[in-house]
>>> print(open('upload.cif').read())   # mmCIF, C-alpha atoms and all ligand atoms
data_input
loop_
_atom_site.label_atom_id
_atom_site.label_comp_id
_atom_site.auth_asym_id
_atom_site.auth_seq_id
_atom_site.Cartn_x
_atom_site.Cartn_y
_atom_site.Cartn_z
CA MET A 1 51.66 45.15 155.17
CA ALA A 2 52.47 45.51 151.46
CA MET A 3 53.77 42.37 149.75
CA ALA A 4 57.31 42.56 148.31
CA PRO A 5 57.29 42.87 144.48
CA GLU A 6 59.55 39.76 144.19
CA ARG A 7 56.81 37.59 145.75
CA ILE A 8 54.22 38.76 143.21
CA LEU A 9 56.41 39.07 140.13
CA GLY A 10 58.91 36.23 140.41
CA ASP A 11 62.09 36.04 138.35
CA GLU A 12 60.18 36.36 135.09
CA LEU A 13 58.60 39.76 135.70
CA MET A 14 61.12 41.39 138.08
CA PRO A 15 63.35 42.68 135.21
CA ILE A 16 60.29 44.44 133.74
CA TYR A 17 59.50 45.98 137.13
CA GLU A 18 63.09 47.22 137.37
CA LYS A 19 62.89 48.76 133.89
CA LEU A 20 59.65 50.52 134.81
CA THR A 21 61.17 51.86 138.04
CA ARG A 22 64.08 53.26 136.03
CA GLY A 23 61.60 54.86 133.61
CA GLU A 24 62.83 52.73 130.71
CA ARG A 25 60.66 51.91 127.74
CA LEU A 26 59.63 48.25 127.39
CA GLY A 27 60.73 46.41 124.27
CA PHE A 28 59.21 43.68 122.10
CA GLU A 29 60.63 40.85 124.26
CA ASP A 30 59.19 42.44 127.42
CA GLY A 31 55.83 42.69 125.63
CA MET A 32 56.02 38.99 124.72
CA THR A 33 56.74 38.05 128.34
CA LEU A 34 53.71 40.08 129.48
CA ALA A 35 51.55 38.62 126.71
CA THR A 36 52.40 34.99 127.46
CA THR A 37 53.34 34.57 131.12
CA LYS A 38 51.05 32.47 133.32
CA ASN A 39 51.49 35.11 136.03
CA LEU A 40 48.56 37.33 135.03
CA THR A 41 48.35 38.63 138.59
CA GLY A 42 51.90 39.94 138.26
CA VAL A 43 51.11 41.57 134.89
CA GLY A 44 48.05 43.24 136.42
CA TRP A 45 50.07 44.38 139.44
CA LEU A 46 52.62 46.07 137.16
CA ALA A 47 49.92 47.70 135.03
CA ASN A 48 48.16 48.92 138.15
CA LEU A 49 51.37 50.61 139.32
CA GLU A 50 51.49 52.54 136.04
CA ARG A 51 47.77 53.32 136.20
CA GLU A 52 47.95 54.64 139.77
CA ARG A 53 51.13 56.59 139.05
CA ARG A 54 49.23 58.52 136.38
CA HIS A 55 45.71 58.72 137.78
CA GLY A 56 45.59 57.37 141.35
CA ASP A 57 42.07 56.03 141.95
CA ARG A 58 40.44 58.36 139.44
CA THR A 59 38.35 56.57 136.80
CA PHE A 60 36.96 58.54 133.91
CA TYR A 61 33.65 58.16 132.12
CA VAL A 62 31.75 60.22 129.61
CA ARG A 63 28.04 60.83 129.03
CA ASN A 64 27.86 59.78 125.40
CA GLN A 65 25.50 58.49 122.79
CA HIS A 66 26.43 56.18 119.92
CA ILE A 67 24.76 56.41 116.53
CA ASN A 68 25.55 53.83 113.85
CA TYR A 69 24.09 55.58 110.80
CA THR A 70 24.16 52.69 108.30
CA ASN A 71 24.99 48.98 108.34
CA ILE A 72 25.29 48.69 104.56
CA CYS A 73 28.91 47.94 103.81
CA ASN A 74 30.98 46.74 100.87
CA LYS A 75 34.04 45.62 102.86
CA PHE A 76 32.74 42.24 104.17
CA CYS A 77 35.24 41.94 107.01
CA LYS A 78 35.21 38.38 108.34
CA PHE A 79 35.14 39.47 112.00
CA CYS A 80 32.13 41.76 111.59
CA SER A 81 28.56 40.93 112.67
CA PHE A 82 27.29 44.44 112.06
CA TYR A 83 26.99 44.74 108.29
CA ALA A 84 23.75 43.73 106.55
CA LYS A 85 23.82 40.25 105.04
CA LYS A 86 21.55 37.34 104.18
CA GLY A 87 20.57 35.59 107.39
CA GLY A 88 22.01 38.48 109.41
CA PRO A 89 20.98 42.03 110.18
CA GLU A 90 18.52 43.77 107.83
CA PRO A 91 20.04 46.68 105.89
CA TYR A 92 19.36 50.20 107.10
CA GLU A 93 20.52 53.69 106.31
CA MET A 94 19.42 56.47 108.64
CA SER A 95 17.91 59.57 107.13
CA LEU A 96 18.83 62.86 108.76
CA GLU A 97 15.32 62.86 110.23
CA GLN A 98 15.96 59.48 111.85
CA VAL A 99 19.25 60.73 113.26
CA ARG A 100 17.43 63.73 114.68
CA GLU A 101 14.80 61.41 116.20
CA ARG A 102 17.52 59.22 117.76
CA LEU A 103 19.13 62.30 119.30
CA MET A 104 15.80 63.58 120.59
CA ARG A 105 15.19 60.22 122.31
CA TYR A 106 17.87 61.12 124.86
CA ILE A 107 17.56 64.89 124.79
CA HIS A 108 16.91 65.05 128.55
CA THR A 109 20.18 63.21 129.30
CA PRO A 110 23.04 65.72 129.57
CA ILE A 111 25.15 64.05 126.88
CA THR A 112 28.48 65.71 126.06
CA GLU A 113 29.64 63.43 123.21
CA VAL A 114 28.00 61.87 120.16
CA HIS A 115 29.98 58.99 118.66
CA MET A 116 29.02 58.11 115.06
CA VAL A 117 30.39 55.33 112.90
CA GLY A 118 28.87 53.19 110.17
CA GLY A 119 29.50 50.81 107.29
CA ILE A 120 31.05 51.75 103.96
CA ASN A 121 27.90 52.49 102.02
CA PRO A 122 28.76 53.71 98.51
CA ARG A 123 25.23 55.07 97.99
CA LEU A 124 25.74 57.88 100.49
CA PRO A 125 26.79 61.17 98.91
CA TYR A 126 29.59 63.39 100.21
CA SER A 127 27.09 65.93 101.55
CA TYR A 128 25.43 63.27 103.78
CA TYR A 129 28.46 63.09 106.08
CA MET A 130 28.64 66.86 106.55
CA ASP A 131 24.86 67.01 107.08
CA LEU A 132 25.07 64.23 109.68
CA ILE A 133 27.46 66.33 111.76
CA ARG A 134 25.46 69.52 111.24
CA THR A 135 22.28 67.72 112.36
CA VAL A 136 23.94 66.61 115.59
CA LYS A 137 25.26 70.11 116.29
CA GLU A 138 21.86 71.61 115.53
CA VAL A 139 19.97 69.30 117.92
CA ARG A 140 22.70 69.38 120.57
CA PRO A 141 24.70 72.59 120.28
CA GLY A 142 28.07 72.36 121.99
CA VAL A 143 28.25 68.55 121.96
CA HIS A 144 31.56 66.94 120.92
CA VAL A 145 31.22 64.97 117.68
CA LYS A 146 33.54 61.99 117.49
CA ALA A 147 32.88 60.38 114.13
CA PHE A 148 34.15 58.22 111.26
CA THR A 149 36.94 55.68 111.48
CA ALA A 150 39.86 55.93 109.08
CA VAL A 151 38.16 53.57 106.60
CA GLU A 152 35.11 55.86 106.49
CA ILE A 153 37.35 58.90 106.03
CA VAL A 154 38.96 57.26 102.99
CA GLU A 155 35.48 56.47 101.60
CA ILE A 156 34.25 60.03 102.23
CA ALA A 157 37.30 61.37 100.38
CA ARG A 158 36.59 58.94 97.52
CA VAL A 159 32.94 59.95 97.04
CA GLY A 160 33.87 63.61 97.41
CA LYS A 161 36.63 63.17 94.79
CA THR A 162 39.06 64.84 97.15
CA THR A 163 42.07 63.95 99.28
CA VAL A 164 41.88 62.59 102.83
CA GLU A 165 43.07 65.98 104.03
CA GLY A 166 40.45 67.77 101.92
CA ALA A 167 37.67 65.55 103.33
CA LEU A 168 38.91 66.09 106.88
CA ARG A 169 38.95 69.87 106.36
CA ASP A 170 35.32 69.81 105.15
CA LEU A 171 34.26 67.57 108.05
CA ILE A 172 35.98 69.86 110.54
CA GLU A 173 34.22 72.84 109.03
CA ALA A 174 30.89 71.00 109.46
CA GLY A 175 31.71 70.45 113.15
CA LEU A 176 33.78 67.25 113.46
CA ASP A 177 35.74 67.35 116.72
CA SER A 178 37.73 64.07 116.80
CA LEU A 179 38.20 60.69 115.16
CA PRO A 180 37.31 57.43 116.93
CA GLY A 181 39.57 54.39 116.91
CA GLY A 182 38.84 51.43 114.70
CA GLY A 183 39.34 50.88 111.01
CA ILE A 184 42.50 48.79 111.32
CA GLU A 185 41.86 46.20 114.09
CA ILE A 186 45.47 44.91 114.14
CA LEU A 187 48.42 46.44 112.31
CA SER A 188 49.49 43.21 110.60
CA ASP A 189 49.62 42.57 106.86
CA ARG A 190 48.80 38.89 107.46
CA VAL A 191 45.65 39.58 109.49
CA HIS A 192 44.67 42.33 107.06
CA ARG A 193 44.91 39.90 104.13
CA GLU A 194 43.02 37.14 105.90
CA LEU A 195 40.23 39.08 107.62
CA PHE A 196 39.71 42.51 106.14
CA GLY A 197 41.59 42.71 102.85
CA ARG A 198 39.07 45.08 101.24
CA LYS A 199 39.65 47.69 103.90
CA LEU A 200 42.56 50.07 104.06
CA ASN A 201 45.89 48.59 105.14
CA GLY A 202 48.13 49.61 108.02
CA GLU A 203 50.12 52.22 106.09
CA GLU A 204 46.94 53.83 104.71
CA TRP A 205 45.47 53.88 108.23
CA LYS A 206 48.58 55.64 109.51
CA GLU A 207 48.34 58.21 106.72
CA VAL A 208 44.81 59.13 107.85
CA ALA A 209 46.08 59.45 111.43
CA ARG A 210 48.94 61.71 110.29
CA ALA A 211 46.55 63.88 108.26
CA ALA A 212 44.22 64.21 111.28
CA ALA A 213 47.13 65.16 113.54
CA LYS A 214 48.32 67.76 111.04
CA LEU A 215 44.89 69.40 111.14
CA GLY A 216 44.81 69.39 114.95
CA LEU A 217 42.19 66.61 115.31
CA ARG A 218 42.59 64.31 118.29
CA GLN A 219 42.06 60.59 117.71
CA TYR A 220 41.45 57.42 119.71
CA ALA A 221 43.20 54.10 119.10
CA THR A 222 41.96 50.52 119.39
CA MET A 223 43.12 46.92 119.08
CA LEU A 224 40.65 44.15 118.19
CA TYR A 225 41.98 40.98 119.81
CA GLY A 226 40.89 37.39 120.30
CA HIS A 227 40.41 36.32 116.67
CA ILE A 228 43.30 34.95 114.57
CA GLU A 229 46.03 37.31 115.71
CA THR A 230 49.10 35.95 117.52
CA PRO A 231 50.65 37.37 120.72
CA GLU A 232 53.52 38.63 118.53
CA GLU A 233 51.05 40.56 116.37
CA ARG A 234 49.39 42.09 119.43
CA VAL A 235 52.70 43.31 120.84
CA ASP A 236 53.80 44.58 117.43
CA HIS A 237 50.49 46.45 117.02
CA LEU A 238 51.09 48.25 120.31
CA ILE A 239 54.67 49.12 119.41
CA GLN A 240 53.56 50.52 116.03
CA LEU A 241 50.92 52.65 117.79
CA ARG A 242 53.52 53.85 120.28
CA GLU A 243 55.86 54.87 117.46
CA LEU A 244 53.06 56.73 115.69
CA GLN A 245 52.17 58.50 118.92
CA ASP A 246 55.85 59.51 119.33
CA GLU A 247 55.53 61.13 115.91
CA THR A 248 52.09 62.78 116.18
CA GLY A 249 51.19 62.96 119.89
CA HIS A 250 47.52 63.23 118.90
CA PHE A 251 46.11 59.98 120.34
CA LEU A 252 44.09 60.43 123.51
CA THR A 253 43.22 56.90 124.59
CA MET A 254 43.81 53.26 123.76
CA THR A 255 40.84 50.88 123.88
CA PRO A 256 41.47 47.14 123.50
CA LEU A 257 38.32 45.62 121.93
CA SER A 258 37.34 42.07 122.81
CA PHE A 259 36.28 40.12 119.72
CA HIS A 260 32.69 38.77 119.60
CA PRO A 261 32.50 35.84 117.16
CA GLU A 262 28.68 35.45 117.20
CA GLY A 263 27.15 36.42 113.85
CA THR A 264 30.54 36.65 112.10
CA GLU A 265 32.36 34.36 109.65
CA LEU A 266 34.62 33.35 112.56
CA GLU A 267 31.87 31.86 114.69
CA GLN A 268 33.92 28.71 115.26
CA ILE A 269 36.51 30.65 117.26
CA ASP A 270 36.12 30.65 121.03
CA PRO A 271 35.58 34.20 122.29
CA PRO A 272 38.24 35.82 124.47
CA THR A 273 38.19 34.86 128.14
CA ALA A 274 38.32 37.29 131.07
CA ASP A 275 42.03 36.43 131.28
CA ASP A 276 42.48 37.60 127.66
CA ASP A 277 40.48 40.78 128.33
CA LEU A 278 42.44 41.74 131.45
CA ARG A 279 45.77 40.90 129.84
CA ALA A 280 44.98 43.07 126.78
CA ILE A 281 44.22 46.01 129.08
CA ALA A 282 47.36 45.47 131.19
CA LEU A 283 49.59 44.92 128.15
CA SER A 284 48.32 48.13 126.58
CA ARG A 285 48.95 50.11 129.78
CA LEU A 286 52.49 48.80 130.07
CA MET A 287 53.56 49.07 126.41
CA LEU A 288 51.90 52.41 125.61
CA ASP A 289 53.94 54.63 127.87
CA ASN A 290 53.06 57.67 125.74
CA PHE A 291 49.27 57.21 125.96
CA ASP A 292 47.60 58.96 128.89
CA HIS A 293 44.53 56.76 129.06
CA ILE A 294 43.55 53.10 128.68
CA LYS A 295 39.86 52.38 128.33
CA SER A 296 37.90 49.28 129.24
CA PHE A 297 34.86 49.22 126.94
CA TRP A 298 32.20 47.49 129.03
CA ILE A 299 30.02 46.81 125.99
CA MET A 300 32.66 44.48 124.59
CA ASN A 301 34.10 42.92 127.75
CA THR A 302 31.13 43.16 130.18
CA VAL A 303 30.59 45.20 133.33
CA PRO A 304 32.26 42.71 135.74
CA VAL A 305 35.42 42.49 133.62
CA THR A 306 35.53 46.26 133.35
CA GLN A 307 35.37 46.49 137.14
CA ALA A 308 38.38 44.16 137.42
CA ALA A 309 40.12 46.00 134.55
CA LEU A 310 40.17 49.14 136.69
CA TRP A 311 42.84 47.25 138.71
CA TYR A 312 44.64 45.95 135.61
CA GLY A 313 45.62 49.25 134.02
CA ALA A 314 42.37 50.82 132.83
CA ASP A 315 41.52 54.32 134.03
CA ASP A 316 38.51 54.89 131.76
CA ALA A 317 35.21 52.99 131.69
CA ASP A 318 33.80 54.65 128.53
CA GLY A 319 30.25 55.90 128.88
CA LEU A 320 26.52 55.42 128.91
CA VAL A 321 26.34 54.48 125.17
CA GLN A 322 22.48 54.21 124.92
CA GLU A 323 22.25 52.15 121.72
CA TYR A 324 25.04 50.24 120.04
CA GLU A 325 24.55 48.35 116.83
CA ILE A 326 28.08 47.01 116.32
CA THR A 327 27.77 44.06 118.73
CA TYR A 328 24.77 42.39 120.32
CA ALA A 329 23.80 42.53 123.98
CA GLU A 330 25.17 39.38 125.59
CA GLY A 331 22.87 36.38 125.22
CA ASP A 332 20.40 38.35 123.15
CA PHE A 333 21.18 38.14 119.44
CA GLY A 334 19.00 40.89 118.05
CA ASN A 335 19.08 43.28 121.00
CA ARG A 336 21.27 46.20 120.08
CA SER A 337 20.13 48.44 122.95
CA GLN A 338 22.94 48.53 125.48
CA ARG A 339 23.16 51.25 128.08
CA LEU A 340 24.17 52.11 131.59
CA THR A 341 22.42 54.94 133.37
CA TYR A 342 24.55 57.64 134.92
CA GLU A 343 23.81 56.10 138.34
CA ASN A 344 24.81 52.60 137.10
CA MET A 345 28.11 53.92 135.76
CA VAL A 346 28.99 55.69 138.99
CA ALA A 347 27.95 52.64 141.05
CA MET A 348 30.01 50.34 138.79
CA ILE A 349 33.16 52.40 139.37
CA ARG A 350 32.56 52.95 143.09
CA SER A 351 31.81 49.31 143.83
CA ALA A 352 35.08 48.42 142.10
CA GLY A 353 36.82 50.58 144.69
CA ARG A 354 37.71 53.50 142.41
CA VAL A 355 36.67 57.15 142.24
CA PRO A 356 34.36 58.11 139.33
CA VAL A 357 35.25 61.29 137.46
CA GLU A 358 32.99 62.55 134.69
CA ARG A 359 35.03 63.89 131.79
CA ASP A 360 34.41 65.52 128.46
CA SER A 361 35.84 64.01 125.28
CA LEU A 362 39.20 65.70 125.83
CA TYR A 363 39.45 64.59 129.48
CA HIS A 364 38.50 67.85 131.12
CA GLU A 365 36.73 67.10 134.38
CA ILE A 366 32.99 67.91 134.59
CA VAL A 367 31.64 68.58 138.07
CA ARG A 368 27.92 68.03 138.69
CA PRO A 369 25.76 67.39 141.76
CA GLU A 370 26.16 63.91 143.31
CA PRO A 371 23.90 61.27 141.69
CA LYS A 372 21.55 59.32 143.89
CA ARG A 373 22.90 55.95 145.09
CA VAL A 374 21.56 52.89 143.30
CA PRO A 375 21.66 49.33 144.55
CA LEU A 376 23.68 46.60 142.83
CA PRO A 377 23.47 44.24 140.91
CA LEU A 378 24.14 46.27 137.83
CA ALA A 379 22.77 45.98 134.37
CA THR A 380 25.23 44.44 131.92
S1 LIG A 401 34.06 46.21 110.19
FE1 LIG A 401 33.33 48.11 109.25
S2 LIG A 401 34.20 48.05 107.20
FE2 LIG A 401 34.32 45.94 107.97
S3 LIG A 401 32.41 44.97 107.27
FE3 LIG A 401 32.03 45.76 109.33
S4 LIG A 401 31.13 47.78 108.96
FE4 LIG A 401 32.15 47.18 107.07
#
>>> encode(input="upload.cif", output="structure tokens")
Amino acid sequence: MAMAPERILGDELMPIYEKLTRGERLGFEDGMTLATTKNLTGVGWLANLERERRHGDRTFYVRNQHINYTNICNKFCKFCSFYAKKGGPEPYEMSLEQVRERLMRYIHTPITEVHMVGGINPRLPYSYYMDLIRTVKEVRPGVHVKAFTAVEIVEIARVGKTTVEGALRDLIEAGLDSLPGGGIEILSDRVHRELFGRKLNGEEWKEVARAAAKLGLRQYATMLYGHIETPEERVDHLIQLRELQDETGHFLTMTPLSFHPEGTELEQIDPPTADDDLRAIALSRLMLDNFDHIKSFWIMNTVPVTQAALWYGADDADGLVQEYEITYAEGDFGNRSQRLTYENMVAMIRSAGRVPVERDSLYHEIVRPEPKRVPLPLAT
């Protein structure tokens, strides 16, 4: 017998449930209640209603490969463990040959998306970025190239002595298919000043998004949480994204990203808990009524939390990834190889009680023969 909503939600969350049932948009105060209430179960229950209303049990994943082409960066963001620094990662810059070799490493995996981001490396010429995309398309014809956050787009335009729109046009001509999230972390002038003041600010980030939308590029959105941001700033970030989506309609998915302090200038901060991770997913699902998809990125919040997140609003579990230089594998500072096999991914979703659906980058379903069953426990 289903439990009455009042029992789960209590007086605090019932008004939000009523708004959702009437199809009303949630406001800032609702967001603050969801972001701060002790009743996380109730928040998850509400987010799950919205998730199941849109997608039922379906849970999307993509066969992708990440390539982080350089870790040399002149932005020195305080939350970042990726860029090369003394006592940290050694600097690298991939040649086109190395990119080709990285792609060939997984050539027998039927990958449909290549996701490329890197540091802001002023030594790279304009042509490098176009050649990067052309190399991917040459080795893997037909693959979807999702590449370059807004901060990279601004840098590419700078070295090319052109406008953001001009750079985007050239990248599209070379084969760019969409823009990833990232580049802004949290739309807050305070956090921008304190953590990533050398990077573009919120308004500049929005201008890149508008230019991408104008040229017909789809884009993904993110929110890096669990550092110095306040609950108010999280809710405000989501509302700003929602307003931008009202204007452009070009965002496909929202991915909350769990902050990893190890190796950053914020090492003293406790990392987000599973409670924080699940709440960020649920809050995103409930506030972003004009986003079709909410993704739980297992690399950042672990496989077990992603399994729970599929009941807290997430309908997407990202992909196989292969190698990811931005954060370290848990408990292994120095190991940047993080991957799930196709069988692991399907088993992760099934054992969470959901139905796996392979998708392409634009959420078209891909039907393939059933994978063989694999036993748990899963790799993390
Ligand atoms: S987050 Fe990006 S821009 Fe900032 S330091 Fe790291 S690589 Fe550079």
>>> closest_atom_pairs(input="upload.cif", of="chain A", to="ligand LIG 401 (chain A)", cutoff="7 Å", atoms="only C-alpha atoms and all ligand atoms", output="Markdown table")
| residue | atom | partner | partner_atom | distance |
| --- | --- | --- | --- | --- |
| A:Asn71 | CA | A:LIG401 | S4 | 6.3 |
| A:Cys73 | CA | A:LIG401 | FE4 | 4.7 |
| A:Asn74 | CA | A:LIG401 | FE4 | 6.3 |
| A:Lys75 | CA | A:LIG401 | S3 | 4.7 |
| A:Phe76 | CA | A:LIG401 | S3 | 4.1 |
| A:Cys77 | CA | A:LIG401 | S3 | 4.2 |
| A:Cys80 | CA | A:LIG401 | FE3 | 4.6 |
| A:Ser81 | CA | A:LIG401 | FE3 | 6.8 |
| A:Phe82 | CA | A:LIG401 | FE3 | 5.6 |
| A:Tyr83 | CA | A:LIG401 | S4 | 5.2 |
| A:Gly118 | CA | A:LIG401 | S4 | 6.0 |
| A:Gly119 | CA | A:LIG401 | S4 | 3.8 |
| A:Ile120 | CA | A:LIG401 | FE4 | 5.6 |
| A:Val151 | CA | A:LIG401 | S2 | 6.8 |
| A:Gly183 | CA | A:LIG401 | FE1 | 6.8 |
| A:Phe196 | CA | A:LIG401 | FE2 | 6.6 |
| A:Lys199 | CA | A:LIG401 | S2 | 6.4 |
>>> write_last_selection(input="upload.cif", atoms="C-alpha atoms", output="CSV table (one decimal), in the frame of the given file")
chain,number,residue,atom,x,y,z
A,71,ASN,CA,25.0,49.0,108.3
A,73,CYS,CA,28.9,47.9,103.8
A,74,ASN,CA,31.0,46.7,100.9
A,75,LYS,CA,34.0,45.6,102.9
A,76,PHE,CA,32.7,42.2,104.2
A,77,CYS,CA,35.2,41.9,107.0
A,80,CYS,CA,32.1,41.8,111.6
A,81,SER,CA,28.6,40.9,112.7
A,82,PHE,CA,27.3,44.4,112.1
A,83,TYR,CA,27.0,44.7,108.3
A,118,GLY,CA,28.9,53.2,110.2
A,119,GLY,CA,29.5,50.8,107.3
A,120,ILE,CA,31.0,51.8,104.0
A,151,VAL,CA,38.2,53.6,106.6
A,183,GLY,CA,39.3,50.9,111.0
A,196,PHE,CA,39.7,42.5,106.1
A,199,LYS,CA,39.6,47.7,103.9
>>> closest_residue(input="upload.cif", among="A:Leu244, A:Leu168, A:Leu288, A:Leu310", to="Met348 of chain A", atoms="all atoms listed in the file")
A:Leu310
>>> atom_distance(input="upload.cif", atom1="atom CA of Glu50 of chain A", atom2="atom CA of Leu20 of chain A")
8.5 Å
>>> residues_around(input="upload.cif", residues="Ser296 of chain A", least_positions_apart="2", cutoff="8 Å", atoms="all atoms listed in the file", output="list in words")
Thr255, Pro256, Ile281, Ile294, Trp298, Asn301, Thr306, Ala309, Leu310, Ala314, Asp315, Asp316, Ala317 and Asp318 of chain A
>>> closest_residue(input="upload.cif", among="A:Glu113, A:Glu6, A:Glu152, A:Asp189", to="Asp360 of chain A", atoms="all atoms listed in the file")
A:Glu113
